[in-house]
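*Asks:* Structure: structure.pdb, PDB, C-alpha atoms and all ligand atoms.
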ATOM      1  CA  MET V   1     139.614 101.893 137.642
ATOM      2  CA  GLU V   2     138.507 102.600 134.078
ATOM      3  CA  ASP V   3     137.342  99.597 132.158
ATOM      4  CA  ASP V   4     139.257  99.783 128.896
ATOM      5  CA  ARG V   5     137.703  96.755 127.244
ATOM      6  CA  GLY V   6     135.377  99.129 125.378
ATOM      7  CA  GLY V   7     131.670  99.081 124.667
ATOM      8  CA  SER V   8     128.756  97.971 126.779
ATOM      9  CA  PRO V   9     127.336  94.489 126.831
ATOM     10  CA  ALA V  10     125.270  93.668 123.756
ATOM     11  CA  CYS V  11     121.680  94.838 124.173
ATOM     12  CA  PHE V  12     119.045  92.785 122.397
ATOM     13  CA  ALA V  13     116.102  94.996 123.349
ATOM     14  CA  HIS V  14     116.276  96.978 120.093
ATOM     15  CA  LYS V  15     116.527  96.201 116.428
ATOM     16  CA  LEU V  16     117.924  98.207 113.571
ATOM     17  CA  ILE V  17     115.773  99.203 110.621
ATOM     18  CA  ASP V  18     117.793 100.871 107.894
ATOM     19  CA  GLY V  19     120.286 102.052 110.507
ATOM     20  CA  HIS V  20     117.557 103.375 112.843
ATOM     21  CA  VAL V  21     117.323 101.992 116.362
ATOM     22  CA  VAL V  22     113.766 100.796 116.864
ATOM     23  CA  ASP V  23     112.034  99.356 119.913
ATOM     24  CA  PRO V  24     110.523  96.061 118.687
ATOM     25  CA  ASP V  25     107.416  96.349 120.898
ATOM     26  CA  ALA V  26     106.650  99.822 119.560
ATOM     27  CA  ALA V  27     107.319  98.670 115.977
ATOM     28  CA  ARG V  28     104.941  95.724 116.427
ATOM     29  CA  ASP V  29     102.150  97.864 117.910
ATOM     30  CA  VAL V  30     102.495 100.456 115.167
ATOM     31  CA  ALA V  31     102.531  97.765 112.461
ATOM     32  CA  ARG V  32      99.259  96.354 113.874
ATOM     33  CA  PHE V  33      97.644  99.769 113.991
ATOM     34  CA  ARG V  34      98.710 100.522 110.398
ATOM     35  CA  LYS V  35      97.456  97.177 109.108
ATOM     36  CA  ALA V  36      94.012  97.849 110.582
ATOM     37  CA  GLU V  37      93.937 101.442 109.278
ATOM     38  CA  ARG V  38      94.968 100.295 105.782
ATOM     39  CA  ALA V  39      92.187  97.713 105.728
ATOM     40  CA  ARG V  40      89.605 100.264 106.919
ATOM     41  CA  LEU V  41      90.689 102.992 104.479
ATOM     42  CA  MET V  42      90.906 100.605 101.523
ATOM     43  CA  GLU V  43      87.442  99.259 102.301
ATOM     44  CA  GLU V  44      86.101 102.831 102.430
ATOM     45  CA  ARG V  45      87.606 103.843  99.110
ATOM     46  CA  LYS V  46      86.026 100.846  97.372
ATOM     47  CA  ARG V  47      82.661 102.451  98.075
ATOM     48  CA  ILE V  48      83.363 105.680  96.164
ATOM     49  CA  SER V  49      81.005 105.794  93.146
ATOM     50  CA  SER V  50      82.504 106.092  89.678
ATOM     51  CA  ALA V  51      80.835 109.508  89.202
ATOM     52  CA  ASP V  52      82.429 110.799  92.438
ATOM     53  CA  ARG V  53      85.723 109.254  91.409
ATOM     54  CA  ALA V  54      85.698 111.168  88.113
ATOM     55  CA  THR V  55      84.808 114.535  89.717
ATOM     56  CA  MET V  56      87.319 114.097  92.514
ATOM     57  CA  THR V  57      90.096 113.018  90.151
ATOM     58  CA  GLN V  58      89.517 116.261  88.233
ATOM     59  CA  ASN V  59      89.842 118.263  91.499
ATOM     60  CA  LEU V  60      92.928 116.311  92.401
ATOM     61  CA  THR V  61      94.780 116.836  89.136
ATOM     62  CA  GLU V  62      93.945 120.556  89.092
ATOM     63  CA  ALA V  63      95.360 120.928  92.599
ATOM     64  CA  LEU V  64      98.358 118.765  91.703
ATOM     65  CA  THR V  65      99.170 121.075  88.803
ATOM     66  CA  THR V  66      99.472 124.003  91.218
ATOM     67  CA  CYS V  67     102.163 122.039  93.148
ATOM     68  CA  VAL V  68     104.161 120.811  90.165
ATOM     69  CA  MET V  69     104.283 122.432  86.747
ATOM     70  CA  ALA V  70     105.166 119.891  84.039
ATOM     71  CA  ARG V  71     107.887 121.357  81.811
ATOM     72  CA  PRO V  72     110.834 120.212  79.691
ATOM     73  CA  GLY V  73     113.760 118.987  81.749
ATOM     74  CA  ILE V  74     111.789 117.927  84.827
ATOM     75  CA  THR V  75     111.445 114.236  85.785
ATOM     76  CA  ILE V  76     108.199 113.358  87.561
ATOM     77  CA  ALA V  77     107.546 109.917  89.036
ATOM     78  CA  ALA V  78     103.849 109.048  89.207
ATOM     79  CA  TYR V  79     102.256 105.589  89.455
ATOM     80  CA  TRP V  80     100.058 103.147  87.555
ATOM     81  CA  PRO V  81      96.810 102.969  89.602
ATOM     82  CA  ILE V  82      96.093  99.786  91.560
ATOM     83  CA  ARG V  83      93.485  98.887  94.198
ATOM     84  CA  GLY V  84      91.251 101.919  93.730
ATOM     85  CA  GLU V  85      94.003 104.558  93.823
ATOM     86  CA  PRO V  86      93.261 107.856  92.040
ATOM     87  CA  ASP V  87      93.951 107.382  88.332
ATOM     88  CA  LEU V  88      96.450 110.035  87.214
ATOM     89  CA  ARG V  89      97.112 108.599  83.751
ATOM     90  CA  GLU V  90      95.440 111.497  81.938
ATOM     91  CA  TRP V  91      97.502 113.966  83.969
ATOM     92  CA  MET V  92     100.653 111.923  83.247
ATOM     93  CA  ALA V  93      99.911 112.021  79.515
ATOM     94  CA  GLN V  94      99.470 115.805  79.691
ATOM     95  CA  ALA V  95     102.742 116.133  81.601
ATOM     96  CA  HIS V  96     104.433 114.118  78.843
ATOM     97  CA  VAL V  97     102.964 116.399  76.165
ATOM     98  CA  ALA V  98     104.182 119.438  78.129
ATOM     99  CA  GLY V  99     107.720 118.050  77.846
ATOM    100  CA  ALA V 100     108.218 116.505  81.291
ATOM    101  CA  THR V 101     109.807 113.072  81.562
ATOM    102  CA  VAL V 102     107.286 110.858  83.345
ATOM    103  CA  LEU V 103     108.565 107.896  85.344
ATOM    104  CA  LEU V 104     106.877 104.895  86.935
ATOM    105  CA  PRO V 105     108.087 102.921  89.959
ATOM    106  CA  VAL V 106     109.344  99.388  89.409
ATOM    107  CA  VAL V 107     109.907  96.781  92.122
ATOM    108  CA  LEU V 108     112.933  94.870  90.819
ATOM    109  CA  GLU V 109     113.325  92.928  94.036
ATOM    110  CA  LYS V 110     111.092  92.589  97.105
ATOM    111  CA  SER V 111     112.174  94.733 100.082
ATOM    112  CA  ALA V 112     114.684  96.667  97.954
ATOM    113  CA  PRO V 113     114.387 100.340  96.938
ATOM    114  CA  LEU V 114     112.212 101.086  93.896
ATOM    115  CA  VAL V 115     113.725 102.120  90.589
ATOM    116  CA  PHE V 116     111.981 104.585  88.279
ATOM    117  CA  ARG V 117     111.625 103.914  84.541
ATOM    118  CA  THR V 118     110.562 106.377  81.858
ATOM    119  CA  TRP V 119     106.990 106.029  80.672
ATOM    120  CA  THR V 120     105.169 107.500  77.679
ATOM    121  CA  PRO V 121     101.480 107.087  76.748
ATOM    122  CA  SER V 122     102.447 104.705  73.938
ATOM    123  CA  CYS V 123     105.241 102.711  75.597
ATOM    124  CA  ALA V 124     105.086  98.922  75.903
ATOM    125  CA  MET V 125     104.092  97.735  79.369
ATOM    126  CA  GLU V 126     104.551  94.435  81.133
ATOM    127  CA  ARG V 127     103.392  93.041  84.461
ATOM    128  CA  GLY V 128     105.894  93.327  87.280
ATOM    129  CA  ILE V 129     105.769  92.063  90.869
ATOM    130  CA  TRP V 130     102.167  91.853  92.228
ATOM    131  CA  SER V 131     101.088  92.138  88.575
ATOM    132  CA  ILE V 132     101.528  95.927  88.628
ATOM    133  CA  PRO V 133     102.021  97.182  85.042
ATOM    134  CA  VAL V 134     105.487  98.709  84.481
ATOM    135  CA  PRO V 135     107.242 100.042  81.364
ATOM    136  CA  ARG V 136     108.917  97.125  79.586
ATOM    137  CA  GLU V 137     111.867  99.169  78.418
ATOM    138  CA  GLY V 138     112.653 102.644  79.518
ATOM    139  CA  GLN V 139     115.573 104.373  81.031
ATOM    140  CA  GLU V 140     116.152 104.326  84.775
ATOM    141  CA  LEU V 141     116.212 107.931  85.944
ATOM    142  CA  ARG V 142     116.265 109.878  89.194
ATOM    143  CA  PRO V 143     112.978 111.734  89.799
ATOM    144  CA  ASP V 144     112.949 115.447  90.646
ATOM    145  CA  VAL V 145     109.401 115.002  91.928
ATOM    146  CA  VAL V 146     107.729 111.891  93.346
ATOM    147  CA  VAL V 147     103.932 111.757  93.326
ATOM    148  CA  ALA V 148     103.100 108.938  95.738
ATOM    149  CA  PRO V 149      99.677 107.329  96.269
ATOM    150  CA  LEU V 150      98.267 107.579  99.787
ATOM    151  CA  VAL V 151      96.191 105.045 101.613
ATOM    152  CA  GLY V 152      96.270 107.411 104.570
ATOM    153  CA  VAL V 153      98.099 110.557 105.604
ATOM    154  CA  ASP V 154      98.418 112.357 108.905
ATOM    155  CA  LYS V 155      98.484 115.978 110.030
ATOM    156  CA  GLN V 156     102.274 116.075 109.720
ATOM    157  CA  CYS V 157     102.165 114.717 106.156
ATOM    158  CA  PHE V 158     103.435 111.247 107.113
ATOM    159  CA  ARG V 159     102.184 108.721 104.603
ATOM    160  CA  LEU V 160     100.464 105.379 105.044
ATOM    161  CA  GLY V 161     101.030 103.335 101.884
ATOM    162  CA  ASN V 162     100.490  99.765 100.771
ATOM    163  CA  GLY V 163     102.698  98.497 103.559
ATOM    164  CA  GLY V 164     105.890  97.429 101.827
ATOM    165  CA  GLY V 165     107.946 100.396 103.004
ATOM    166  CA  TYR V 166     109.032 100.966  99.393
ATOM    167  CA  TYR V 167     108.726 104.735  99.168
ATOM    168  CA  ASP V 168     110.518 105.260 102.501
ATOM    169  CA  ARG V 169     113.310 102.912 101.488
ATOM    170  CA  THR V 170     113.633 104.633  98.128
ATOM    171  CA  LEU V 171     113.372 108.270  99.222
ATOM    172  CA  ALA V 172     116.003 107.680 101.902
ATOM    173  CA  ARG V 173     118.513 106.925  99.138
ATOM    174  CA  ILE V 174     117.892 109.554  96.473
ATOM    175  CA  THR V 175     120.086 112.650  96.626
ATOM    176  CA  PRO V 176     119.131 115.379  96.405
ATOM    177  CA  LYS V 177     115.840 114.306  97.931
ATOM    178  CA  PRO V 178     113.019 114.746  95.398
ATOM    179  CA  LEU V 179     110.030 116.968  96.063
ATOM    180  CA  THR V 180     107.398 114.575  97.415
ATOM    181  CA  ILE V 181     103.670 114.948  96.854
ATOM    182  CA  GLY V 182     101.217 112.475  98.375
ATOM    183  CA  VAL V 183      97.877 112.148  96.582
ATOM    184  CA  GLY V 184      94.704 110.446  97.741
ATOM    185  CA  TRP V 185      90.978 110.472  98.342
ATOM    186  CA  PRO V 186      89.582 112.848 100.988
ATOM    187  CA  ASN V 187      89.046 110.020 103.511
ATOM    188  CA  CYS V 188      92.844 109.507 103.718
ATOM    189  CA  ASP V 189      93.075 112.216 106.349
ATOM    190  CA  ILE V 190      93.860 110.630 109.750
ATOM    191  CA  PRO V 191      95.224 112.216 112.951
ATOM    192  CA  THR V 192      98.501 110.272 113.124
ATOM    193  CA  ILE V 193     100.231 107.232 111.643
ATOM    194  CA  PHE V 194     102.477 107.090 114.758
ATOM    195  CA  PRO V 195     105.579 107.997 112.748
ATOM    196  CA  MET V 196     108.566 105.690 113.088
ATOM    197  CA  PRO V 197     112.195 106.719 112.468
ATOM    198  CA  TRP V 198     112.170 105.394 108.886
ATOM    199  CA  ASP V 199     109.057 107.305 107.807
ATOM    200  CA  ILE V 200     109.722 110.164 105.412
ATOM    201  CA  PRO V 201     106.994 112.841 105.354
ATOM    202  CA  MET V 202     105.561 114.236 102.138
ATOM    203  CA  ASP V 203     106.362 117.863 101.278
ATOM    204  CA  TYR V 204     102.824 118.348  99.962
ATOM    205  CA  VAL V 205      99.598 116.422 100.293
ATOM    206  CA  VAL V 206      96.901 116.868  97.684
ATOM    207  CA  LEU V 207      93.499 115.332  98.313
ATOM    208  CA  ALA V 208      90.708 114.763  95.858
ATOM    209  CA  ASP V 209      88.452 117.383  97.458
ATOM    210  CA  GLY V 210      91.025 119.851  96.132
ATOM    211  CA  THR V 211      92.769 120.522  99.451
ATOM    212  CA  ILE V 212      96.517 121.103  99.426
ATOM    213  CA  ARG V 213      98.574 120.769 102.599
ATOM    214  CA  GLN V 214     102.206 121.809 102.835
ATOM    215  CA  ARG V 215     104.370 120.254 105.518
ATOM    216  CA  THR V 216     105.229 122.835 108.142
TER
HETATM  217  N1  LIG E   1     100.222 102.109  91.972
HETATM  218  C1  LIG E   1     101.200 101.793  92.800
HETATM  219  N2  LIG E   1     102.339 101.318  92.325
HETATM  220  C2  LIG E   1     103.328 100.993  93.192
HETATM  221  C3  LIG E   1     103.204 101.182  94.580
HETATM  222  C4  LIG E   1     101.966 101.690  95.068
HETATM  223  O1  LIG E   1     101.746 101.864  96.265
HETATM  224  N3  LIG E   1     100.995 101.991  94.147
HETATM  225  N4  LIG E   1     104.242 100.846  95.409
HETATM  226  C5  LIG E   1     104.502 101.428  96.618
HETATM  227  O2  LIG E   1     105.071 100.837  97.496
HETATM  228  C6  LIG E   1     105.147  99.809  94.950
HETATM  229  C7  LIG E   1     104.470  98.463  95.133
HETATM  230  N5  LIG E   1     104.164  98.263  96.503
HETATM  231  C8  LIG E   1     103.432  97.241  97.012
HETATM  232  C9  LIG E   1     103.623  96.902  98.330
HETATM  233  C10 LIG E   1     102.957  95.823  98.878
HETATM  234  C11 LIG E   1     102.071  95.093  98.084
HETATM  235  C12 LIG E   1     101.383  93.892  98.615
HETATM  236  O3  LIG E   1     100.503  93.359  97.982
HETATM  237  N6  LIG E   1     101.761  93.387  99.737
HETATM  238  C13 LIG E   1     101.168  92.174 100.271
HETATM  239  C14 LIG E   1     101.926  91.703 101.476
HETATM  240  C15 LIG E   1     103.406  91.582 101.251
HETATM  241  C16 LIG E   1     103.862  90.451 100.363
HETATM  242  O4  LIG E   1     103.077  89.758  99.707
HETATM  243  O5  LIG E   1     105.105  90.244 100.336
HETATM  244  C17 LIG E   1      99.718  92.402 100.626
HETATM  245  O6  LIG E   1      99.316  93.567 100.895
HETATM  246  O7  LIG E   1      98.967  91.425 100.584
HETATM  247  C18 LIG E   1     101.878  95.458  96.777
HETATM  248  C19 LIG E   1     102.546  96.521  96.238
HETATM  249  C20 LIG E   1     105.530 100.094  93.531
HETATM  250  N7  LIG E   1     104.427 100.423  92.695
HETATM  251  N1  LIG E   2     113.991 102.535 104.870
HETATM  252  C1  LIG E   2     113.611 101.298 105.235
HETATM  253  N2  LIG E   2     114.500 100.285 105.311
HETATM  254  C2  LIG E   2     114.135  99.055 105.684
HETATM  255  N3  LIG E   2     112.877  98.728 106.001
HETATM  256  C3  LIG E   2     111.955  99.675 105.949
HETATM  257  C4  LIG E   2     112.262 101.013 105.557
HETATM  258  N4  LIG E   2     111.134 101.738 105.572
HETATM  259  C5  LIG E   2     110.169 100.890 105.969
HETATM  260  N5  LIG E   2     110.652  99.672 106.189
HETATM  261  C6  LIG E   2     109.885  98.489 106.646
HETATM  262  O1  LIG E   2     108.748  98.312 105.818
HETATM  263  C7  LIG E   2     107.616  97.975 106.584
HETATM  264  C8  LIG E   2     106.415  98.766 106.152
HETATM  265  O2  LIG E   2     106.642 100.136 106.387
HETATM  266  P1  LIG E   2     105.479 101.210 106.319
HETATM  267  O3  LIG E   2     104.341 100.818 107.213
HETATM  268  O4  LIG E   2     106.098 102.564 106.549
HETATM  269  O5  LIG E   2     105.020 101.038 104.769
HETATM  270  P2  LIG E   2     104.269 102.011 103.764
HETATM  271  O6  LIG E   2     104.920 103.353 103.768
HETATM  272  O7  LIG E   2     102.815 101.969 104.088
HETATM  273  O8  LIG E   2     104.519 101.231 102.363
HETATM  274  P3  LIG E   2     104.809 101.681 100.842
HETATM  275  O9  LIG E   2     105.831 102.789 100.858
HETATM  276  O10 LIG E   2     105.350 100.450 100.171
HETATM  277  O11 LIG E   2     103.544 102.121 100.232
HETATM  278  C9  LIG E   2     107.963  98.226 108.047
HETATM  279  O12 LIG E   2     107.850  97.021 108.715
HETATM  280  C10 LIG E   2     109.358  98.742 108.049
HETATM  281  O13 LIG E   2     110.141  98.047 108.992
END
Rewrite the structure of this file - the entire thing - as structure tokens.
Ligand SMILES: Nc1nc2c(c(=O)[nH]1)N(C=O)[C@@H](CNc1ccc(C(=O)N[C@@H](CCC(=O)O)C(=O)O)cc1)CN2
Ligand SMILES: Nc1ncnc2c1ncn2[C@@H]1O[C@H](COP(=O)(O)OP(=O)(O)OP(=O)(O)O)[C@@H](O)[C@H]1O

*Replies:*
Amino acid sequence: MEDDRGGSPACFAHKLIDGHVVDPDAARDVARFRKAERARLMEERKRISSADRATMTQNLTEALTTCVMARPGITIAAYWPIRGEPDLREWMAQAHVAGATVLLPVVLEKSAPLVFRTWTPSCAMERGIWSIPVPREGQELRPDVVVAPLVGVDKQCFRLGNGGGYYDRTLARITPKPLTIGVGWPNCDIPTIFPMPWDIPMDYVVLADGTIRQRT
């Protein structure tokens, strides 16, 4: 006879992350792998000389410009560099001059999606969470394009970031989904980050040796 009590017994072998069913053992193993990769990649990028940094940043911004043309009406989220990330502030200033609205990410609350606030080269800044400088005032806007810093990136354009899950959490909620461009140093290139259901791949990856990869 049919059992009409509905549903199966509760199963505690999985957990939900943002509505995705995730095997906790797999999530734990992947988190360990990513933590070690982050540490290795961050240690490596500390050793880049300032002369190499300057040359590579030039390559990076030239390549970035071929992916996104700053123009009036477009909103582009970039980032204020921390922990040895490529410094795009000159490029951001040029985008502002070209008429684009430049935005910076702001963590209003830990583990919540980011918001994006307008930035100009002369705007007042303050220190936000983790002391990251953010625009003090500035309108909250939806980005058309998100330029996200990479700690690592894999062949399928999945991004390894600082480990808070902020970009994934944020990109999952913006409609229409912005064009996403990951930027980083050439050493970012790794075979796989072992993508999990919440990971959102970048549409383009631009590395500081001038290479551009489009997600296929
Ligand atoms: N330049 C820049 N700005 C950014 C980001 C970024 O990656 N780069 N973010 C992109 O996400 C957001 C900040 N993300 C961060 C995520 C984790 C940690 C961090 O320090 N985490 C601790 C561990 C967690 C904790 O303390 O709660 C750590 O690593 O020690 C810092 C920033 C917003 N702004
Ligand atoms: N959309 C989401 N909703 C809830 N939690 C999430 C989401 N995306 C990621 N997380 C959680 O955040 C943690 C870190 O994720 P992940 O390793 O992908 O970070 P990351 O992409 O390197 O960080 P960031 O985007 O801040 O630079 C994971 O433990 C994951 O469970």

*Asks:* Apply the PyMOL selection byres (((chain V and resi 99) around 12) and not hetatm) to the displayed file and report the matching residues as a list in words.

*Replies:* Met69, Ala70, Arg71, Pro72, Gly73, Ile74, Thr75, Ile76, Met92, Ala93, Gln94, Ala95, His96, Val97, Ala98, Ala100, Thr101, Val102 and Thr120 of chain V

*Asks:* Rank nothing, just name the residue among V:Leu64, V:Met196, V:Ala124, V:Cys157 nearest to Ala78 of chain V, using only C-alpha atoms.

*Replies:* V:Leu64

*Asks:* With the PyMOL selection byres (((chain V and resi 142) around 8) and not hetatm) as the selection, what would be picked from this file? Answer as an MDAnalysis selection string, please.

*Replies:* chainID V and resid 75 116 140:141 143:144 174

*Asks:* What residues of the protein or nucleic acid chains come within 6 Å of ligand LIG 1 (chain E) when you use only C-alpha atoms and all ligand atoms? Reply as a VMD selection string.

*Replies:* chain V and resid 79 to 82 105 to 107 130 149 161 to 164 166 to 167

*Asks:* Per residue of chain V within 9 Å of ligand LIG 2 (chain E), record the nearest atom pair and its distance in Å to one decimal, counting all atoms listed in the file, with rows in chain order and ascending residue number, as a tab-separated table.

*Replies:*
residue	atom	partner	partner_atom	distance
V:Leu16	CA	E:LIG2	C2	8.8
V:Ile17	CA	E:LIG2	C2	5.2
V:Asp18	CA	E:LIG2	N2	4.2
V:Gly19	CA	E:LIG2	N2	8.0
V:His20	CA	E:LIG2	N2	8.7
V:Ala27	CA	E:LIG2	O12	7.5
V:Arg28	CA	E:LIG2	O12	8.3
V:Val30	CA	E:LIG2	O3	8.2
V:Ala31	CA	E:LIG2	O3	6.3
V:Arg34	CA	E:LIG2	O3	6.5
V:Lys35	CA	E:LIG2	O3	8.0
V:Arg38	CA	E:LIG2	O7	8.2
V:Ser111	CA	E:LIG2	N3	7.2
V:Ala112	CA	E:LIG2	C2	8.1
V:Pro113	CA	E:LIG2	N1	8.2
V:Ala148	CA	E:LIG2	O11	8.2
V:Pro149	CA	E:LIG2	O11	7.6
V:Leu150	CA	E:LIG2	O11	7.6
V:Val151	CA	E:LIG2	O7	7.7
V:Gly152	CA	E:LIG2	O7	8.5
V:Phe158	CA	E:LIG2	O6	8.7
V:Arg159	CA	E:LIG2	O6	6.1
V:Leu160	CA	E:LIG2	O7	4.3
V:Gly161	CA	E:LIG2	O7	3.1
V:Asn162	CA	E:LIG2	O11	3.9
V:Gly163	CA	E:LIG2	O8	3.5
V:Gly164	CA	E:LIG2	O10	3.5
V:Gly165	CA	E:LIG2	O5	3.5
V:Tyr166	CA	E:LIG2	O10	3.8
V:Tyr167	CA	E:LIG2	O9	3.9
V:Asp168	CA	E:LIG2	N4	4.7
V:Arg169	CA	E:LIG2	N1	3.5
V:Thr170	CA	E:LIG2	N1	7.1
V:Leu171	CA	E:LIG2	N1	8.1
V:Ala172	CA	E:LIG2	N1	6.3
V:Arg173	CA	E:LIG2	N1	8.5
V:Ile193	CA	E:LIG2	O3	8.8
V:Pro195	CA	E:LIG2	O4	8.3
V:Met196	CA	E:LIG2	O4	7.7
V:Pro197	CA	E:LIG2	N4	8.6
V:Trp198	CA	E:LIG2	N4	5.0
V:Asp199	CA	E:LIG2	O4	5.7
V:Ile200	CA	E:LIG2	O6	8.5

*Asks:* Kindly resolve the PyMOL selection byres (((chain V and resi 178) around 7) and not hetatm) on the present coordinates and return the residues as a PyMOL selection string.

*Replies:* chain V and resi 143-146+176-177+179-180

*Asks:* Write to file, as a JSON list (two decimals), in the coordinates of the input, the residues of the selection just made, with C-alpha atoms.

*Replies:*
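Output below, filename result30.json:
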[["chain", "number", "residue", "atom", "x", "y", "z"],
["V", 143, "PRO", "CA", 112.98, 111.73, 89.80],
["V", 144, "ASP", "CA", 112.95, 115.45, 90.65],
["V", 145, "VAL", "CA", 109.40, 115.00, 91.93],
["V", 146, "VAL", "CA", 107.73, 111.89, 93.35],
["V", 176, "PRO", "CA", 119.13, 115.38, 96.40],
["V", 177, "LYS", "CA", 115.84, 114.31, 97.93],
["V", 179, "LEU", "CA", 110.03, 116.97, 96.06],
["V", 180, "THR", "CA", 107.40, 114.58, 97.42]]

*Asks:* Find the distance between atom CA of Glu90 of chain V and atom CA of Gln58 of chain V and write it in Å to one decimal.

*Replies:*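 Between these atoms lies a distance of 9.9 Å.
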
*Asks:* Closest to Val205 of chain V among V:Gly84, V:Gly128, V:Pro191, V:Pro186, using only C-alpha atoms?

*Replies:*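 Checking each of V:Gly84, V:Gly128, V:Pro191, V:Pro186 against Val205 of chain V, counting only C-alpha atoms, the winner is V:Pro186.
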
*Asks:* Compare V:Ala13, V:Val153, V:Ile132, V:Ala208 by their minimum atom-to-atom distance to Ala63 of chain V, counting all atoms listed in the file, and give me the closest one.

*Replies:* V:Ala208

*Asks:* Considering all atoms listed in the file, give me a table of residues in segment 27-60 of chain V that are at most 12 Å from segment 211-215 of chain V, with the closest atom pair and distance in Å for each, as JSON lines.

*Replies:*
{"residue": "V:Met56", "atom": "CA", "partner": "V:Thr211", "partner_atom": "CA", "distance": 10.9}
{"residue": "V:Asn59", "atom": "CA", "partner": "V:Thr211", "partner_atom": "CA", "distance": 8.8}
{"residue": "V:Leu60", "atom": "CA", "partner": "V:Thr211", "partner_atom": "CA", "distance": 8.2}

*Asks:* For Gly182 of chain V, which of V:Asp154, V:Glu109, V:Glu126, V:Glu44 is the closest residue, counting all atoms listed in the file?

*Replies:* V:Asp154
